[in-house]
Amino acid sequence: MAREPDFESVVTRYYESLYQFAYSLTRSEADACDLTQQTFYIWATKGHQLRDPARVKTWLFTTLHRQFLETRRRLTRFPHESLEELEVEPAALTPEAASNLDSAQVLRALAQVDAIFQAPVALFYLEDCPYREIAEILGVPLGTVKSRIARGLMQLQKILADDLAAANREGEKPS
């Protein structure tokens, strides 16, 4: 039987990647910190139940995602305001424009992607998780993961293209 990893080594090894995943989901430093700390709290209280110490990463990411969904469900019960969609044709996102984007812009855009697509895209592109691991973390079939990543990328490209078009229009206005 493999030795159970100690709490400090788990935190040291996974804190940064868990925080990045949480930030990609919440788009808020405070919420990402809270979500990450809650995940480690759950690890401290229930981590000893994990039978295979090699699966710590998957367990942590799954727990964080479930905590995020639980928080999201609570927020949907008490919505603050509804967002109205604009009926504007999206601008095309060219490869040149995409290469000029910084990570903060992409994270802001990712936060605007439908919640169901955010986690798979973030896990695949930000955390370099393979499809099978994402399927396990999210508790969905492998085909669903691939579909959600593809749809999430389409939404992300549209959002980035719209943001770029809006920035170009603002730049054309006289100051």
# chains A, B, ... in the order shown; residues from 1 in each chain; ligands from 1
$ residues_around --residues "range 121-137 of chain A" --least-positions-apart "4" --cutoff "6 Å" --atoms "only C-alpha atoms" --output "MDAnalysis selection string"
chainID A and resid 58 62 141:142 145 149
$ closest_residue --among "A:Leu25, A:Ala104, A:Leu110, A:Leu64" --to "Leu153 in chain A" --atoms "only C-alpha atoms"
A:Leu110
$ atom_distance --atom1 "CA of Gln37 in chain A" --atom2 "CA of Gln105 in chain A"
25.4 Å
$ select_by_dssp --residues "chain A" --states "helix (DSSP H, G or I)" --output "PyMOL selection string"
chain A and resi 7-26+29-49+53-77+95-99+103-112+115-126+131-138+142-172
$ residues_around --residues "Phe40 in chain A" --least-positions-apart "5" --cutoff "10 Å" --atoms "only C-alpha atoms" --output "PyMOL selection string"
chain A and resi 7+10-11+14-15+18+34-35+45-47+60+63-64
$ write_last_selection --atoms "N, CA and C atoms" --output "compact mmCIF listing (two decimals), in the first residue's frame"
# COMPACT_ATOMS: atom_id res chain seq x y z
N PHE A 7 -0.07 16.69 3.98
CA PHE A 7 -0.83 17.87 3.59
C PHE A 7 0.06 18.95 2.96
N VAL A 10 1.21 18.21 -0.58
CA VAL A 10 0.09 18.31 -1.53
C VAL A 10 -0.18 19.78 -1.85
N VAL A 11 -0.21 20.62 -0.82
CA VAL A 11 -0.45 22.05 -1.04
C VAL A 11 0.67 22.65 -1.88
N TYR A 14 0.33 21.37 -5.61
CA TYR A 14 -0.86 21.63 -6.42
C TYR A 14 -1.50 23.00 -6.24
N TYR A 15 -1.05 23.79 -5.31
CA TYR A 15 -1.74 25.06 -5.03
C TYR A 15 -1.82 25.95 -6.28
N LEU A 18 -4.19 24.58 -9.02
CA LEU A 18 -5.58 24.64 -8.56
C LEU A 18 -6.09 26.07 -8.55
N ASP A 34 -10.64 31.64 -2.25
CA ASP A 34 -11.60 30.96 -1.40
C ASP A 34 -11.86 29.53 -1.87
N LEU A 35 -12.04 29.39 -3.18
CA LEU A 35 -12.32 28.07 -3.74
C LEU A 35 -11.13 27.12 -3.55
N THR A 45 -9.71 17.27 5.54
CA THR A 45 -10.70 16.50 6.31
C THR A 45 -11.04 15.15 5.70
N LYS A 46 -10.93 15.03 4.38
CA LYS A 46 -11.36 13.79 3.72
C LYS A 46 -10.29 13.12 2.87
N GLY A 47 -9.15 13.76 2.71
CA GLY A 47 -8.11 13.22 1.83
C GLY A 47 -7.62 11.85 2.23
N LEU A 60 -8.27 16.43 -6.31
CA LEU A 60 -8.30 17.86 -5.99
C LEU A 60 -9.05 18.67 -7.04
N THR A 63 -12.76 17.91 -6.85
CA THR A 63 -13.34 18.56 -5.67
C THR A 63 -13.51 20.05 -5.91
N LEU A 64 -12.50 20.70 -6.46
CA LEU A 64 -12.59 22.13 -6.73
C LEU A 64 -13.73 22.42 -7.71
